[in-house]
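**Q** Please find one structure pasted underneath; my questions will follow.
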Amino acid sequence: MSCQIEQMQCYFIVCFNENSTVIKSDGRQVYIRDLKVGDEVLVAYQSSDNDMILGCSRLLALDIYQKWEKSSSIDYLEIYTEKKNNENPLYITPAHSLLIRKKSQSEKEYLFASEVEIGDYLYLITNNYQSVIEVQVTQINHVKQFDAYAPLTLEGNIVVNNRIVSCYGTFSHSIGHLIKMPRRYWLDICLNFQFS
């Protein structure tokens, strides 16, 4: 298995568009399309008291399901949350998971983007990438995009457009994390060897 960025074709596209941004360890926001394997990116850890703690982790892979192709559209959700620092909407495919607290529940969990409803809460990175706050979903649009990128970290999550999202889709986050465990650890070993 290669440690390189891969271009893949897949029936179930679970991704973000190329103009989505991630946060590198030096605090710069970069487009997903400009990421390179081995880049240190912002991820989230859940503490023992259920708080979210931010840290950095290496990008293990960037699966490209489709580079920009106007003749081949992909269904996305465009999710807006209450404004904090003029955040851009999140563009995410419906079968991709993200961290949500349903408005009727007290606990946060990873659910498919298709399960998000207006009034639910997403988790936004603020305070110069030091804090995580809940922000309420205010609008959801069904849109077409023309590209699809899926980053992978050892932790199984990443911060995209300043929101905590899963690296997985199609299966639940916990099942995806288990299924992808051999790949994550193999790629991590490859990178350790490559950068040593």
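Labeling convention for the structure tokens: chains A, B, ... as they appear, residues from 1 per chain, ligands from 1 in order of appearance.
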Which residues come within 6 Å of segment 149-154 of chain A, counting only C-alpha atoms, excluding same-chain residues fewer than 2 positions away, as a PDB file with N, CA and C atoms, in the first residue's frame?

**A**
ATOM      1  N   CYS A  15     -17.418  12.626   1.169  1.00  0.00           N
ATOM      2  CA  CYS A  15     -16.319  13.565   1.024  1.00  0.00           C
ATOM      3  C   CYS A  15     -16.691  15.006   1.321  1.00  0.00           C
ATOM      4  N   PHE A  16     -15.673  15.851   1.053  1.00  0.00           N
ATOM      5  CA  PHE A  16     -15.783  17.301   1.106  1.00  0.00           C
ATOM      6  C   PHE A  16     -15.337  17.856  -0.240  1.00  0.00           C
ATOM      7  N   LEU A  59      -1.631  13.878   8.443  1.00  0.00           N
ATOM      8  CA  LEU A  59      -2.548  13.397   7.414  1.00  0.00           C
ATOM      9  C   LEU A  59      -1.963  12.103   6.858  1.00  0.00           C
ATOM     10  N   LEU A  60      -2.700  11.008   7.009  1.00  0.00           N
ATOM     11  CA  LEU A  60      -2.220   9.699   6.547  1.00  0.00           C
ATOM     12  C   LEU A  60      -2.516   9.472   5.072  1.00  0.00           C
ATOM     13  N   ALA A  61      -3.643  10.007   4.603  1.00  0.00           N
ATOM     14  CA  ALA A  61      -4.039   9.824   3.200  1.00  0.00           C
ATOM     15  C   ALA A  61      -5.031  10.905   2.829  1.00  0.00           C
ATOM     16  N   LEU A  62      -5.114  11.184   1.560  1.00  0.00           N
ATOM     17  CA  LEU A  62      -6.151  12.063   1.016  1.00  0.00           C
ATOM     18  C   LEU A  62      -6.713  11.344  -0.198  1.00  0.00           C
ATOM     19  N   ASP A  63      -7.831  10.675   0.012  1.00  0.00           N
ATOM     20  CA  ASP A  63      -8.461   9.939  -1.086  1.00  0.00           C
ATOM     21  C   ASP A  63      -9.231  10.917  -1.953  1.00  0.00           C
ATOM     22  N   ILE A  64      -8.933  10.900  -3.234  1.00  0.00           N
ATOM     23  CA  ILE A  64      -9.606  11.781  -4.177  1.00  0.00           C
ATOM     24  C   ILE A  64     -10.582  10.924  -4.976  1.00  0.00           C
ATOM     25  N   GLY A 156      -9.133   9.515  13.188  1.00  0.00           N
ATOM     26  CA  GLY A 156     -10.418   9.283  12.532  1.00  0.00           C
ATOM     27  C   GLY A 156     -11.302  10.500  12.463  1.00  0.00           C
ATOM     28  N   CYS A 167     -13.657  11.252   9.583  1.00  0.00           N
ATOM     29  CA  CYS A 167     -12.955  10.901   8.342  1.00  0.00           C
ATOM     30  C   CYS A 167     -13.731   9.831   7.565  1.00  0.00           C
ATOM     31  N   ARG A 184      -5.123   2.655   8.680  1.00  0.00           N
ATOM     32  CA  ARG A 184      -4.567   3.787   9.417  1.00  0.00           C
ATOM     33  C   ARG A 184      -3.216   3.444  10.014  1.00  0.00           C
TER      34      ARG A 184
END

**Q** Can you list, as a ChimeraX atom specification, all residues belonging to segment 8-149 of chain A that DSSP tags as strand (DSSP E)?

**A** /A:21-23,29-31,40-46,52-66,74-81,90-92,96-101,109-112,121-126,131-145,148-149

**Q** Based on the backbone DSSP call, show me all residues of segment 31-132 of chain A assigned helix (DSSP H, G or I), as a list in words.

**A**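 Answer for segment 31-132 of chain A, restricted to helix (DSSP H, G or I): Ile32, Arg33, Asp34, Ala113, Ser114 and Glu115 of chain A.
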
**Q** Please, could you write that set of residues out with N, CA and C atoms as a short mmCIF file (atom, residue, chain, number, x, y, z; two decimals), in the first residue's frame?

**A**
data_model
loop_
_atom_site.label_atom_id
_atom_site.label_comp_id
_atom_site.auth_asym_id
_atom_site.auth_seq_id
_atom_site.Cartn_x
_atom_site.Cartn_y
_atom_site.Cartn_z
N ILE A 32 -8.41 21.76 1.13
CA ILE A 32 -8.20 20.31 1.13
C ILE A 32 -7.40 19.89 -0.09
N ARG A 33 -7.67 20.48 -1.23
CA ARG A 33 -6.98 20.07 -2.46
C ARG A 33 -5.47 20.30 -2.39
N ASP A 34 -5.01 21.17 -1.47
CA ASP A 34 -3.59 21.49 -1.36
C ASP A 34 -2.89 20.71 -0.26
N ALA A 113 -24.33 13.14 7.92
CA ALA A 113 -24.76 14.51 7.61
C ALA A 113 -26.23 14.54 7.22
N SER A 114 -26.72 13.48 6.61
CA SER A 114 -28.14 13.43 6.22
C SER A 114 -29.07 13.47 7.42
N GLU A 115 -28.55 13.19 8.62
CA GLU A 115 -29.36 13.20 9.84
C GLU A 115 -29.40 14.56 10.53
#

**Q** Hey, what's within 12 Å of Tyr45 of chain A if we count only C-alpha atoms and toss same-chain stuff fewer than 5 positions away? As a CSV table (one decimal) with N, CA and C atoms, in the first residue's frame, please?

**A**
chain,number,residue,atom,x,y,z
A,50,ASN,N,-15.8,14.0,28.7
A,50,ASN,CA,-16.6,14.2,27.5
A,50,ASN,C,-16.4,15.6,26.8
A,51,ASP,N,-15.4,16.3,27.2
A,51,ASP,CA,-15.0,17.6,26.6
A,51,ASP,C,-14.2,17.3,25.3
A,52,MET,N,-14.2,18.2,24.4
A,52,MET,CA,-13.4,18.1,23.2
A,52,MET,C,-12.1,18.8,23.4
A,53,ILE,N,-10.9,18.2,23.1
A,53,ILE,CA,-9.6,18.7,23.2
A,53,ILE,C,-9.0,18.7,21.8
A,54,LEU,N,-8.4,19.8,21.5
A,54,LEU,CA,-7.8,19.9,20.1
A,54,LEU,C,-6.3,19.6,20.2
A,55,GLY,N,-5.9,19.0,19.1
A,55,GLY,CA,-4.5,18.6,18.9
A,55,GLY,C,-4.1,18.5,17.4
A,56,CYS,N,-2.9,18.1,17.1
A,56,CYS,CA,-2.5,18.0,15.7
A,56,CYS,C,-2.1,16.5,15.5
A,57,SER,N,-2.3,16.1,14.2
A,57,SER,CA,-2.0,14.8,13.8
A,57,SER,C,-1.6,14.8,12.3
A,99,LEU,N,-19.6,15.4,13.9
A,99,LEU,CA,-20.0,15.4,15.3
A,99,LEU,C,-21.2,16.4,15.5
A,132,VAL,N,-13.5,24.8,21.6
A,132,VAL,CA,-14.6,24.1,20.8
A,132,VAL,C,-15.9,24.6,21.5
A,154,LEU,N,-5.0,9.4,11.9
A,154,LEU,CA,-5.0,8.3,12.8
A,154,LEU,C,-6.2,8.4,13.8
A,155,GLU,N,-6.6,9.6,14.2
A,155,GLU,CA,-7.7,9.8,15.1
A,155,GLU,C,-9.0,9.5,14.5
A,156,GLY,N,-9.1,9.5,13.2
A,156,GLY,CA,-10.4,9.3,12.5
A,156,GLY,C,-11.3,10.5,12.5
A,157,ASN,N,-10.8,11.7,12.8
A,157,ASN,CA,-11.5,12.9,12.6
A,157,ASN,C,-10.6,14.0,12.2
A,158,ILE,N,-11.1,15.1,11.8
A,158,ILE,CA,-10.4,16.3,11.3
A,158,ILE,C,-11.3,17.5,11.4
A,159,VAL,N,-10.7,18.7,11.4
A,159,VAL,CA,-11.5,19.9,11.5
A,159,VAL,C,-11.5,20.4,10.0
A,164,ILE,N,-15.8,20.1,13.6
A,164,ILE,CA,-15.2,18.7,13.8
A,164,ILE,C,-16.1,17.7,13.0
A,165,VAL,N,-15.4,17.0,12.2
A,165,VAL,CA,-16.0,16.0,11.3
A,165,VAL,C,-15.3,14.7,11.4
A,166,SER,N,-16.0,13.7,11.0
A,166,SER,CA,-15.4,12.3,10.9
A,166,SER,C,-14.6,12.2,9.6

**Q** Between atom CA of Gly27 of chain A and atom CA of Tyr168 of chain A, what is the distance in Å, rounded to a tenth?

**A** 24.0 Å

**Q** Could you tell me how far atom CA of Ser73 of chain A lies from atom CA of Ala148 of chain A, in Å and to one decimal?

**A**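 About the pair atom CA of Ser73 of chain A and atom CA of Ala148 of chain A: they are 9.8 Å apart.
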